[in-house]
$ cat work.cif   # mmCIF, N, CA and C atoms
data_work
#
loop_
_atom_site.label_atom_id
_atom_site.label_comp_id
_atom_site.auth_asym_id
_atom_site.auth_seq_id
_atom_site.Cartn_x
_atom_site.Cartn_y
_atom_site.Cartn_z
N MET Z 1 38.98 -17.42 -19.47
CA MET Z 1 38.52 -16.51 -18.43
C MET Z 1 39.10 -16.97 -17.10
N ALA Z 2 39.52 -16.03 -16.32
CA ALA Z 2 40.06 -16.33 -15.00
C ALA Z 2 38.94 -16.78 -14.07
N LYS Z 3 39.31 -17.55 -13.10
CA LYS Z 3 38.34 -17.95 -12.07
C LYS Z 3 38.03 -16.73 -11.21
N PHE Z 4 36.81 -16.67 -10.72
CA PHE Z 4 36.46 -15.55 -9.86
C PHE Z 4 35.40 -15.97 -8.85
N ILE Z 5 35.34 -15.23 -7.79
CA ILE Z 5 34.35 -15.46 -6.75
C ILE Z 5 33.05 -14.78 -7.17
N GLY Z 6 31.94 -15.46 -7.03
CA GLY Z 6 30.66 -14.95 -7.51
C GLY Z 6 30.02 -13.90 -6.63
N LYS Z 7 30.79 -13.01 -6.06
CA LYS Z 7 30.21 -11.99 -5.19
C LYS Z 7 29.82 -10.72 -5.92
N ASN Z 8 30.17 -10.59 -7.21
CA ASN Z 8 29.89 -9.36 -7.94
C ASN Z 8 28.85 -9.52 -9.04
N LEU Z 9 28.12 -10.63 -9.04
CA LEU Z 9 27.05 -10.77 -10.02
C LEU Z 9 25.97 -9.73 -9.74
N ARG Z 10 25.33 -9.28 -10.80
CA ARG Z 10 24.22 -8.34 -10.66
C ARG Z 10 23.01 -8.93 -11.37
N VAL Z 11 21.82 -8.70 -10.80
CA VAL Z 11 20.61 -9.30 -11.34
C VAL Z 11 19.48 -8.28 -11.36
N LYS Z 12 18.82 -8.19 -12.54
CA LYS Z 12 17.60 -7.40 -12.68
C LYS Z 12 16.46 -8.35 -13.00
N VAL Z 13 15.31 -8.08 -12.43
CA VAL Z 13 14.10 -8.85 -12.71
C VAL Z 13 13.03 -7.86 -13.14
N GLY Z 14 12.54 -8.02 -14.35
CA GLY Z 14 11.51 -7.11 -14.84
C GLY Z 14 11.94 -5.66 -14.85
N GLY Z 15 13.22 -5.40 -15.06
CA GLY Z 15 13.74 -4.03 -15.12
C GLY Z 15 14.16 -3.45 -13.79
N THR Z 16 13.94 -4.18 -12.68
CA THR Z 16 14.31 -3.70 -11.35
C THR Z 16 15.52 -4.45 -10.85
N GLU Z 17 16.57 -3.73 -10.47
CA GLU Z 17 17.74 -4.41 -9.92
C GLU Z 17 17.43 -4.89 -8.51
N LEU Z 18 17.61 -6.20 -8.30
CA LEU Z 18 17.34 -6.80 -6.99
C LEU Z 18 18.59 -7.49 -6.43
N THR Z 19 19.75 -7.12 -6.94
CA THR Z 19 21.01 -7.76 -6.57
C THR Z 19 21.19 -7.87 -5.06
N SER Z 20 20.89 -6.82 -4.32
CA SER Z 20 21.13 -6.82 -2.87
C SER Z 20 20.15 -7.71 -2.12
N ASN Z 21 19.16 -8.28 -2.81
CA ASN Z 21 18.19 -9.18 -2.20
C ASN Z 21 18.27 -10.58 -2.78
N ILE Z 22 19.39 -10.91 -3.42
CA ILE Z 22 19.53 -12.22 -4.04
C ILE Z 22 20.77 -12.91 -3.50
N ALA Z 23 20.59 -14.16 -3.04
CA ALA Z 23 21.70 -14.95 -2.52
C ALA Z 23 22.34 -15.81 -3.60
N SER Z 24 21.55 -16.23 -4.60
CA SER Z 24 22.12 -17.02 -5.68
C SER Z 24 21.24 -16.94 -6.92
N VAL Z 25 21.88 -17.15 -8.06
CA VAL Z 25 21.16 -17.18 -9.33
C VAL Z 25 21.81 -18.27 -10.18
N GLU Z 26 20.97 -19.02 -10.89
CA GLU Z 26 21.47 -20.08 -11.76
C GLU Z 26 20.67 -20.06 -13.06
N VAL Z 27 21.39 -19.97 -14.16
CA VAL Z 27 20.77 -20.03 -15.49
C VAL Z 27 21.14 -21.38 -16.08
N THR Z 28 20.11 -22.15 -16.45
CA THR Z 28 20.33 -23.50 -16.97
C THR Z 28 19.78 -23.59 -18.39
N GLU Z 29 20.59 -24.14 -19.29
CA GLU Z 29 20.15 -24.37 -20.67
C GLU Z 29 20.17 -25.86 -20.95
N THR Z 30 19.16 -26.33 -21.67
CA THR Z 30 19.10 -27.73 -22.08
C THR Z 30 18.64 -27.79 -23.53
N VAL Z 31 18.76 -28.97 -24.12
CA VAL Z 31 18.25 -29.20 -25.46
C VAL Z 31 17.63 -30.60 -25.46
N ASP Z 32 16.48 -30.74 -26.10
CA ASP Z 32 15.84 -32.05 -26.19
C ASP Z 32 16.73 -33.01 -26.96
N GLU Z 33 16.79 -34.24 -26.48
CA GLU Z 33 17.53 -35.28 -27.17
C GLU Z 33 16.53 -36.11 -27.97
N ILE Z 34 16.61 -36.04 -29.28
CA ILE Z 34 15.69 -36.76 -30.16
C ILE Z 34 16.39 -38.02 -30.68
N GLU Z 35 15.83 -39.15 -30.33
CA GLU Z 35 16.44 -40.40 -30.76
C GLU Z 35 16.16 -40.66 -32.24
N THR Z 36 17.21 -41.07 -32.95
CA THR Z 36 17.10 -41.34 -34.39
C THR Z 36 17.58 -42.75 -34.73
N THR Z 37 17.68 -43.60 -33.72
CA THR Z 37 18.16 -44.96 -33.93
C THR Z 37 17.24 -45.70 -34.89
N ALA Z 38 17.85 -46.36 -35.86
CA ALA Z 38 17.08 -47.11 -36.86
C ALA Z 38 17.40 -48.60 -36.75
N PHE Z 39 16.57 -49.42 -37.37
CA PHE Z 39 16.85 -50.85 -37.41
C PHE Z 39 18.23 -51.10 -37.98
N GLY Z 40 18.93 -52.07 -37.40
CA GLY Z 40 20.26 -52.41 -37.88
C GLY Z 40 21.37 -51.63 -37.20
N SER Z 41 21.04 -50.66 -36.37
CA SER Z 41 22.05 -49.87 -35.68
C SER Z 41 22.65 -50.66 -34.53
N ALA Z 42 23.92 -50.47 -34.29
CA ALA Z 42 24.60 -51.15 -33.18
C ALA Z 42 24.58 -50.29 -31.91
N ALA Z 43 24.28 -49.02 -32.07
CA ALA Z 43 24.23 -48.11 -30.92
C ALA Z 43 23.14 -47.07 -31.17
N ARG Z 44 22.67 -46.47 -30.12
CA ARG Z 44 21.65 -45.44 -30.25
C ARG Z 44 22.26 -44.20 -30.90
N SER Z 45 21.46 -43.49 -31.66
CA SER Z 45 21.89 -42.21 -32.23
C SER Z 45 20.84 -41.16 -31.88
N ARG Z 46 21.31 -39.93 -31.77
CA ARG Z 46 20.43 -38.83 -31.36
C ARG Z 46 20.80 -37.56 -32.11
N ILE Z 47 19.83 -36.67 -32.21
CA ILE Z 47 20.08 -35.32 -32.69
C ILE Z 47 19.51 -34.35 -31.68
N ALA Z 48 19.96 -33.12 -31.77
CA ALA Z 48 19.46 -32.09 -30.87
C ALA Z 48 18.09 -31.60 -31.35
N GLY Z 49 17.20 -31.42 -30.41
CA GLY Z 49 15.87 -30.89 -30.71
C GLY Z 49 15.76 -29.44 -30.26
N LEU Z 50 14.64 -29.12 -29.66
CA LEU Z 50 14.39 -27.75 -29.22
C LEU Z 50 15.21 -27.40 -27.98
N LYS Z 51 15.66 -26.16 -27.94
CA LYS Z 51 16.37 -25.64 -26.77
C LYS Z 51 15.36 -25.27 -25.70
N ASP Z 52 15.82 -25.30 -24.46
CA ASP Z 52 15.01 -24.87 -23.33
C ASP Z 52 15.95 -24.24 -22.31
N ALA Z 53 15.40 -23.48 -21.41
CA ALA Z 53 16.21 -22.84 -20.38
C ALA Z 53 15.33 -22.50 -19.19
N SER Z 54 15.97 -22.23 -18.07
CA SER Z 54 15.27 -21.77 -16.88
C SER Z 54 16.23 -20.94 -16.03
N VAL Z 55 15.64 -20.19 -15.13
CA VAL Z 55 16.41 -19.38 -14.19
C VAL Z 55 15.92 -19.71 -12.79
N THR Z 56 16.84 -20.01 -11.89
CA THR Z 56 16.52 -20.24 -10.49
C THR Z 56 17.18 -19.13 -9.68
N ILE Z 57 16.37 -18.46 -8.86
CA ILE Z 57 16.87 -17.35 -8.05
C ILE Z 57 16.48 -17.60 -6.59
N SER Z 58 17.43 -17.39 -5.68
CA SER Z 58 17.17 -17.45 -4.24
C SER Z 58 17.09 -16.01 -3.73
N PHE Z 59 15.90 -15.63 -3.32
CA PHE Z 59 15.64 -14.26 -2.88
C PHE Z 59 15.68 -14.14 -1.36
N HIS Z 60 16.09 -12.97 -0.88
CA HIS Z 60 15.85 -12.53 0.49
C HIS Z 60 14.60 -11.66 0.40
N GLN Z 61 13.55 -12.02 1.08
CA GLN Z 61 12.29 -11.28 0.96
C GLN Z 61 12.45 -9.84 1.46
N ASP Z 62 11.78 -8.93 0.80
CA ASP Z 62 11.81 -7.51 1.16
C ASP Z 62 10.49 -6.90 0.70
N TYR Z 63 9.74 -6.32 1.62
CA TYR Z 63 8.42 -5.77 1.31
C TYR Z 63 8.44 -4.27 1.00
N ASP Z 64 9.61 -3.64 0.99
CA ASP Z 64 9.69 -2.22 0.64
C ASP Z 64 9.28 -2.01 -0.82
N ALA Z 65 8.83 -0.81 -1.12
CA ALA Z 65 8.47 -0.47 -2.50
C ALA Z 65 9.66 -0.68 -3.42
N SER Z 66 9.41 -1.17 -4.61
CA SER Z 66 10.44 -1.43 -5.63
C SER Z 66 11.44 -2.50 -5.22
N LYS Z 67 11.09 -3.33 -4.27
CA LYS Z 67 11.97 -4.43 -3.87
C LYS Z 67 11.31 -5.75 -4.29
N VAL Z 68 11.68 -6.83 -3.64
CA VAL Z 68 11.30 -8.17 -4.08
C VAL Z 68 9.79 -8.37 -4.18
N SER Z 69 9.07 -8.20 -3.10
CA SER Z 69 7.64 -8.49 -3.10
C SER Z 69 6.88 -7.65 -4.12
N ALA Z 70 7.14 -6.34 -4.14
CA ALA Z 70 6.44 -5.45 -5.07
C ALA Z 70 6.79 -5.77 -6.52
N THR Z 71 8.06 -6.07 -6.79
CA THR Z 71 8.47 -6.39 -8.15
C THR Z 71 7.83 -7.68 -8.63
N LEU Z 72 7.89 -8.71 -7.82
CA LEU Z 72 7.32 -10.00 -8.23
C LEU Z 72 5.81 -9.95 -8.34
N ALA Z 73 5.16 -9.16 -7.51
CA ALA Z 73 3.70 -9.05 -7.59
C ALA Z 73 3.26 -8.46 -8.93
N THR Z 74 4.05 -7.53 -9.47
CA THR Z 74 3.65 -6.89 -10.74
C THR Z 74 3.92 -7.78 -11.95
N ILE Z 75 4.85 -8.72 -11.85
CA ILE Z 75 5.17 -9.57 -13.01
C ILE Z 75 4.60 -10.97 -12.90
N PHE Z 76 4.07 -11.33 -11.74
CA PHE Z 76 3.55 -12.69 -11.52
C PHE Z 76 2.44 -13.01 -12.52
N GLY Z 77 2.57 -14.16 -13.17
CA GLY Z 77 1.58 -14.59 -14.15
C GLY Z 77 1.85 -14.06 -15.54
N GLY Z 78 2.88 -13.25 -15.69
CA GLY Z 78 3.24 -12.69 -16.99
C GLY Z 78 4.67 -13.04 -17.34
N THR Z 79 5.19 -12.33 -18.31
CA THR Z 79 6.58 -12.55 -18.70
C THR Z 79 7.42 -11.33 -18.35
N ALA Z 80 8.70 -11.57 -18.16
CA ALA Z 80 9.64 -10.50 -17.84
C ALA Z 80 11.03 -10.97 -18.22
N ASP Z 81 11.93 -10.03 -18.36
CA ASP Z 81 13.33 -10.37 -18.60
C ASP Z 81 14.08 -10.44 -17.28
N VAL Z 82 14.90 -11.47 -17.15
CA VAL Z 82 15.89 -11.54 -16.08
C VAL Z 82 17.23 -11.26 -16.74
N VAL Z 83 17.95 -10.28 -16.22
CA VAL Z 83 19.25 -9.91 -16.77
C VAL Z 83 20.30 -10.18 -15.70
N VAL Z 84 21.31 -10.95 -16.07
CA VAL Z 84 22.39 -11.31 -15.15
C VAL Z 84 23.71 -10.83 -15.73
N LEU Z 85 24.42 -10.02 -14.98
CA LEU Z 85 25.77 -9.61 -15.36
C LEU Z 85 26.74 -10.42 -14.52
N ALA Z 86 27.46 -11.31 -15.17
CA ALA Z 86 28.40 -12.19 -14.47
C ALA Z 86 29.76 -11.53 -14.46
N GLY Z 87 29.87 -10.45 -13.73
CA GLY Z 87 31.07 -9.64 -13.78
C GLY Z 87 32.00 -9.81 -12.61
N THR Z 88 33.06 -9.07 -12.68
CA THR Z 88 34.02 -8.98 -11.58
C THR Z 88 34.02 -7.54 -11.10
N ALA Z 89 34.75 -7.27 -10.07
CA ALA Z 89 34.77 -5.91 -9.52
C ALA Z 89 35.22 -4.88 -10.54
N THR Z 90 36.12 -5.26 -11.44
CA THR Z 90 36.64 -4.30 -12.41
C THR Z 90 35.67 -4.05 -13.57
N THR Z 91 34.71 -4.94 -13.77
CA THR Z 91 33.74 -4.79 -14.86
C THR Z 91 32.32 -4.72 -14.31
N GLN Z 92 32.18 -4.21 -13.12
CA GLN Z 92 30.92 -4.30 -12.39
C GLN Z 92 29.69 -3.82 -13.15
N GLY Z 93 29.80 -2.82 -13.97
CA GLY Z 93 28.62 -2.31 -14.66
C GLY Z 93 28.64 -2.48 -16.16
N THR Z 94 29.68 -3.09 -16.70
CA THR Z 94 29.82 -3.18 -18.15
C THR Z 94 30.09 -4.62 -18.55
N ALA Z 95 29.34 -5.10 -19.54
CA ALA Z 95 29.57 -6.44 -20.06
C ALA Z 95 30.86 -6.46 -20.86
N ALA Z 96 31.54 -7.59 -20.82
CA ALA Z 96 32.79 -7.77 -21.56
C ALA Z 96 32.95 -9.26 -21.83
N ALA Z 97 33.97 -9.61 -22.58
CA ALA Z 97 34.21 -11.03 -22.87
C ALA Z 97 34.43 -11.83 -21.59
N THR Z 98 35.02 -11.19 -20.59
CA THR Z 98 35.26 -11.85 -19.31
C THR Z 98 34.17 -11.58 -18.29
N ALA Z 99 33.14 -10.85 -18.69
CA ALA Z 99 32.02 -10.53 -17.82
C ALA Z 99 30.75 -10.44 -18.67
N PRO Z 100 30.27 -11.58 -19.17
CA PRO Z 100 29.11 -11.55 -20.06
C PRO Z 100 27.82 -11.18 -19.35
N MET Z 101 26.91 -10.60 -20.13
CA MET Z 101 25.58 -10.25 -19.62
C MET Z 101 24.57 -11.16 -20.34
N PHE Z 102 23.73 -11.82 -19.56
CA PHE Z 102 22.73 -12.74 -20.09
C PHE Z 102 21.34 -12.15 -19.89
N THR Z 103 20.53 -12.18 -20.94
CA THR Z 103 19.13 -11.75 -20.84
C THR Z 103 18.27 -12.96 -21.13
N ILE Z 104 17.41 -13.28 -20.16
CA ILE Z 104 16.56 -14.46 -20.26
C ILE Z 104 15.10 -14.03 -20.14
N PRO Z 105 14.31 -14.17 -21.21
CA PRO Z 105 12.88 -13.90 -21.09
C PRO Z 105 12.21 -15.08 -20.39
N VAL Z 106 11.49 -14.82 -19.31
CA VAL Z 106 10.92 -15.91 -18.51
C VAL Z 106 9.43 -15.72 -18.28
N LEU Z 107 8.77 -16.83 -17.98
CA LEU Z 107 7.38 -16.83 -17.51
C LEU Z 107 7.44 -16.82 -16.00
N CYS Z 108 6.93 -15.78 -15.39
CA CYS Z 108 6.97 -15.63 -13.94
C CYS Z 108 5.80 -16.42 -13.34
N SER Z 109 6.00 -17.72 -13.27
CA SER Z 109 4.93 -18.65 -12.92
C SER Z 109 4.95 -19.06 -11.46
N GLN Z 110 5.84 -18.48 -10.70
CA GLN Z 110 5.99 -18.90 -9.31
C GLN Z 110 6.46 -17.72 -8.46
N GLN Z 111 5.90 -17.61 -7.27
CA GLN Z 111 6.41 -16.67 -6.28
C GLN Z 111 5.98 -17.17 -4.90
N THR Z 112 6.63 -16.69 -3.88
CA THR Z 112 6.30 -17.07 -2.51
C THR Z 112 6.23 -15.80 -1.69
N PRO Z 113 5.03 -15.22 -1.54
CA PRO Z 113 4.93 -13.94 -0.84
C PRO Z 113 5.30 -14.01 0.65
N VAL Z 114 5.11 -15.19 1.27
CA VAL Z 114 5.44 -15.34 2.69
C VAL Z 114 6.11 -16.69 2.89
N SER Z 115 7.25 -16.66 3.58
CA SER Z 115 7.96 -17.89 3.91
C SER Z 115 8.93 -17.56 5.03
N GLY Z 116 9.02 -18.41 6.03
CA GLY Z 116 9.99 -18.14 7.08
C GLY Z 116 9.77 -18.98 8.30
N GLN Z 117 10.79 -18.99 9.13
CA GLN Z 117 10.76 -19.68 10.40
C GLN Z 117 11.27 -18.73 11.47
N VAL Z 118 10.93 -18.99 12.69
CA VAL Z 118 11.35 -18.15 13.80
C VAL Z 118 12.87 -18.06 13.82
N GLY Z 119 13.38 -16.83 13.83
CA GLY Z 119 14.80 -16.59 13.95
C GLY Z 119 15.60 -16.72 12.67
N ASP Z 120 14.96 -17.08 11.55
CA ASP Z 120 15.68 -17.27 10.29
C ASP Z 120 15.46 -16.08 9.35
N LEU Z 121 16.41 -15.89 8.47
CA LEU Z 121 16.26 -14.92 7.39
C LEU Z 121 15.11 -15.40 6.50
N THR Z 122 14.24 -14.50 6.11
CA THR Z 122 13.10 -14.86 5.25
C THR Z 122 13.58 -14.94 3.81
N THR Z 123 13.64 -16.16 3.30
CA THR Z 123 14.12 -16.40 1.94
C THR Z 123 13.14 -17.30 1.19
N PHE Z 124 13.27 -17.31 -0.12
CA PHE Z 124 12.51 -18.25 -0.94
C PHE Z 124 13.18 -18.37 -2.30
N ASP Z 125 12.93 -19.48 -2.96
CA ASP Z 125 13.49 -19.74 -4.28
C ASP Z 125 12.38 -19.78 -5.32
N VAL Z 126 12.71 -19.34 -6.52
CA VAL Z 126 11.80 -19.50 -7.67
C VAL Z 126 12.61 -20.13 -8.81
N THR Z 127 11.92 -20.90 -9.62
CA THR Z 127 12.50 -21.39 -10.87
C THR Z 127 11.51 -21.04 -11.96
N TRP Z 128 11.94 -20.19 -12.87
CA TRP Z 128 11.07 -19.72 -13.95
C TRP Z 128 11.55 -20.29 -15.28
N PRO Z 129 10.63 -20.83 -16.09
CA PRO Z 129 11.01 -21.33 -17.41
C PRO Z 129 11.19 -20.18 -18.40
N ALA Z 130 12.13 -20.36 -19.31
CA ALA Z 130 12.34 -19.37 -20.37
C ALA Z 130 11.21 -19.44 -21.37
N VAL Z 131 10.91 -18.31 -21.98
CA VAL Z 131 9.88 -18.24 -23.03
C VAL Z 131 10.50 -17.83 -24.36
N GLY Z 132 11.79 -17.94 -24.45
CA GLY Z 132 12.52 -17.60 -25.66
C GLY Z 132 13.98 -17.93 -25.45
N GLU Z 133 14.79 -17.56 -26.40
CA GLU Z 133 16.22 -17.87 -26.31
C GLU Z 133 16.95 -16.90 -25.39
N ILE Z 134 17.99 -17.41 -24.76
CA ILE Z 134 18.88 -16.59 -23.94
C ILE Z 134 19.78 -15.78 -24.86
N THR Z 135 19.95 -14.50 -24.52
CA THR Z 135 20.86 -13.64 -25.26
C THR Z 135 22.09 -13.40 -24.39
N LYS Z 136 23.25 -13.65 -24.98
CA LYS Z 136 24.52 -13.40 -24.28
C LYS Z 136 25.20 -12.23 -24.96
N SER Z 137 25.55 -11.22 -24.15
CA SER Z 137 26.19 -10.02 -24.69
C SER Z 137 27.54 -9.81 -24.02
N THR Z 138 28.52 -9.41 -24.80
CA THR Z 138 29.83 -9.09 -24.25
C THR Z 138 30.13 -7.59 -24.36
N SER Z 139 29.08 -6.83 -24.60
CA SER Z 139 29.22 -5.37 -24.58
C SER Z 139 27.90 -4.80 -24.08
N GLY Z 140 27.95 -3.57 -23.65
CA GLY Z 140 26.75 -2.93 -23.12
C GLY Z 140 26.87 -2.67 -21.64
N THR Z 141 25.97 -1.86 -21.14
CA THR Z 141 26.00 -1.45 -19.75
C THR Z 141 24.82 -2.03 -19.00
N PHE Z 142 25.09 -2.53 -17.82
CA PHE Z 142 24.05 -3.00 -16.90
C PHE Z 142 23.64 -1.79 -16.09
N SER Z 143 22.48 -1.23 -16.41
CA SER Z 143 22.03 -0.03 -15.70
C SER Z 143 20.87 -0.40 -14.79
N ALA Z 144 20.92 0.12 -13.60
CA ALA Z 144 19.88 -0.18 -12.61
C ALA Z 144 18.59 0.53 -12.94
#

$ encode --input "work.cif" --output "structure tokens"
Amino acid sequence: MAKFIGKNLRVKVGGTELTSNIASVEVTETVDEIETTAFGSAARSRIAGLKDASVTISFHQDYDASKVSATLATIFGGTADVVVLAGTATTQGTAAATAPMFTIPVLCSQQTPVSGQVGDLTTFDVTWPAVGEITKSTSGTFSA
């Protein structure tokens, strides 16, 4: 895949596209490291355990209907899908091998309804844990 500038990513939270109110998004996957070292071993050995994931999003706060505050208020304390299309300008609405679409089911366990300082853009970050496996798709349409 060619290198690209991350200005064309698109993000939906709970079915609502919030791309124009997001400064950054990060999807992180991990796997538990289970130690299996036995007596007589010269080095530690490990196997992969359970997978885990999380999504971190930096929001620009917006109190309009169907924007950040209203969307997060309806999903807070529950689960929702975060969908990220990591596309380029030429694949802006369609997933492809060079523009995959990730669907992450998350527990919406954090929100910040008010945050800010005098003269600054009102922003806040959330990190939500996954409640299932991440799905990566190289076909399909990202519809708002």

$ select_by_dssp --input "work.cif" --residues "chain Z" --states "strand (DSSP E or B)" --output "PyMOL selection string"
chain Z and resi 10-13+16-17+22-35+46-60+79-85+94+96+99+101-107+123-130+135-137+141

$ residues_around --input "work.cif" --residues "Asp62 (chain Z)" --least-positions-apart "6" --cutoff "8 Å" --atoms "all atoms listed in the file" --output "list in words"
Asn21, Val68, Ser69, Ala70, Thr71, Thr122 and Thr123 of chain Z

$ write_last_selection --input "work.cif" --atoms "N, CA and C atoms" --output "PDB file, keeping the file's coordinate frame"
ATOM      1  N   ASN Z  21      19.160  -8.280  -2.810  1.00  0.00           N
ATOM      2  CA  ASN Z  21      18.190  -9.180  -2.200  1.00  0.00           C
ATOM      3  C   ASN Z  21      18.270 -10.580  -2.780  1.00  0.00           C
ATOM      4  N   VAL Z  68      11.680  -6.830  -3.640  1.00  0.00           N
ATOM      5  CA  VAL Z  68      11.300  -8.170  -4.080  1.00  0.00           C
ATOM      6  C   VAL Z  68       9.790  -8.370  -4.180  1.00  0.00           C
ATOM      7  N   SER Z  69       9.070  -8.200  -3.100  1.00  0.00           N
ATOM      8  CA  SER Z  69       7.640  -8.490  -3.100  1.00  0.00           C
ATOM      9  C   SER Z  69       6.880  -7.650  -4.120  1.00  0.00           C
ATOM     10  N   ALA Z  70       7.140  -6.340  -4.140  1.00  0.00           N
ATOM     11  CA  ALA Z  70       6.440  -5.450  -5.070  1.00  0.00           C
ATOM     12  C   ALA Z  70       6.790  -5.770  -6.520  1.00  0.00           C
ATOM     13  N   THR Z  71       8.060  -6.070  -6.790  1.00  0.00           N
ATOM     14  CA  THR Z  71       8.470  -6.390  -8.150  1.00  0.00           C
ATOM     15  C   THR Z  71       7.830  -7.680  -8.630  1.00  0.00           C
ATOM     16  N   THR Z 122      14.240 -14.500   6.110  1.00  0.00           N
ATOM     17  CA  THR Z 122      13.100 -14.860   5.250  1.00  0.00           C
ATOM     18  C   THR Z 122      13.580 -14.940   3.810  1.00  0.00           C
ATOM     19  N   THR Z 123      13.640 -16.160   3.300  1.00  0.00           N
ATOM     20  CA  THR Z 123      14.120 -16.400   1.940  1.00  0.00           C
ATOM     21  C   THR Z 123      13.140 -17.300   1.190  1.00  0.00           C
TER      22      THR Z 123
END

$ atom_distance --input "work.cif" --atom1 "CA of Gly132 (chain Z)" --atom2 "CA of Gly77 (chain Z)"
16.2 Å

$ closest_residue --input "work.cif" --among "Z:Phe124, Z:Ala96, Z:Val83, Z:Ala65" --to "Arg10 (chain Z)" --atoms "all atoms listed in the file"
Z:Val83

$ residues_around --input "work.cif" --residues "Val106 (chain Z)" --least-positions-apart "2" --cutoff "5 Å" --atoms "all atoms listed in the file" --output "ChimeraX atom specification"
/Z:79-81,104,108,129-131

$ resolve_selection --input "work.cif" --expression "the PyMOL selection byres ((chain Z and resi 134) around 7)" --output "list of chain:residue names"
Z:Phe102, Z:Thr103, Z:Ile104, Z:Pro105, Z:Gly132, Z:Glu133, Z:Thr135, Z:Lys136

$ residues_around --input "work.cif" --residues "Thr16 (chain Z)" --least-positions-apart "5" --cutoff "9 Å" --atoms "only C-alpha atoms" --output "CSV table (one decimal) with N, CA and C atoms, in the frame of the given file"
chain,number,residue,atom,x,y,z
Z,11,VAL,N,21.8,-8.7,-10.8
Z,11,VAL,CA,20.6,-9.3,-11.3
Z,11,VAL,C,19.5,-8.3,-11.4
Z,66,SER,N,9.4,-1.2,-4.6
Z,66,SER,CA,10.4,-1.4,-5.6
Z,66,SER,C,11.4,-2.5,-5.2
Z,67,LYS,N,11.1,-3.3,-4.3
Z,67,LYS,CA,12.0,-4.4,-3.9
Z,67,LYS,C,11.3,-5.8,-4.3
Z,71,THR,N,8.1,-6.1,-6.8
Z,71,THR,CA,8.5,-6.4,-8.2
Z,71,THR,C,7.8,-7.7,-8.6
Z,144,ALA,N,20.9,0.1,-13.6
Z,144,ALA,CA,19.9,-0.2,-12.6
Z,144,ALA,C,18.6,0.5,-12.9

$ closest_residue --input "work.cif" --among "Z:Thr56, Z:Thr37, Z:Gln111, Z:Thr98" --to "Ala73 (chain Z)" --atoms "all atoms listed in the file"
Z:Gln111

$ select_by_dssp --input "work.cif" --residues "chain Z" --states "alpha helix (DSSP H)" --output "list of chain:residue names"
Z:Val68, Z:Ser69, Z:Ala70, Z:Thr71, Z:Leu72, Z:Ala73, Z:Thr74, Z:Ile75

$ closest_residue --input "work.cif" --among "Z:Gly119, Z:Pro100, Z:Gly93, Z:Gly87" --to "Ser137 (chain Z)" --atoms "only C-alpha atoms"
Z:Pro100

$ atom_distance --input "work.cif" --atom1 "atom N of Pro113 (chain Z)" --atom2 "atom N of Asp64 (chain Z)"
12.7 Å

$ resolve_selection --input "work.cif" --expression "the PyMOL selection byres ((chain Z and resi 31) around 6)" --output "PyMOL selection string"
chain Z and resi 29-30+32-33+48-52

$ decode --input "work.cif" --residues "region 90-106 of chain Z" --atoms "C-alpha atoms" --output "compact mmCIF listing (two decimals), in the first residue's frame"
# COMPACT_ATOMS: atom_id res chain seq x y z
CA THR Z 90 -9.97 8.23 -4.66
CA THR Z 91 -11.65 5.61 -2.43
CA GLN Z 92 -13.39 8.02 -0.08
CA GLY Z 93 -16.64 6.09 0.27
CA THR Z 94 -15.70 2.55 -0.72
CA ALA Z 95 -13.54 0.02 1.08
CA ALA Z 96 -10.76 -1.58 -0.95
CA ALA Z 97 -7.51 -3.45 -0.40
CA THR Z 98 -5.75 -0.08 -0.22
CA ALA Z 99 -8.54 1.51 1.83
CA PRO Z 100 -9.77 -1.01 4.42
CA MET Z 101 -12.84 -0.47 6.55
CA PHE Z 102 -12.64 -1.54 10.20
CA THR Z 103 -15.68 -2.23 12.40
CA ILE Z 104 -14.99 -2.31 16.12
CA PRO Z 105 -17.75 -3.16 18.61
CA VAL Z 106 -16.98 -1.11 21.74
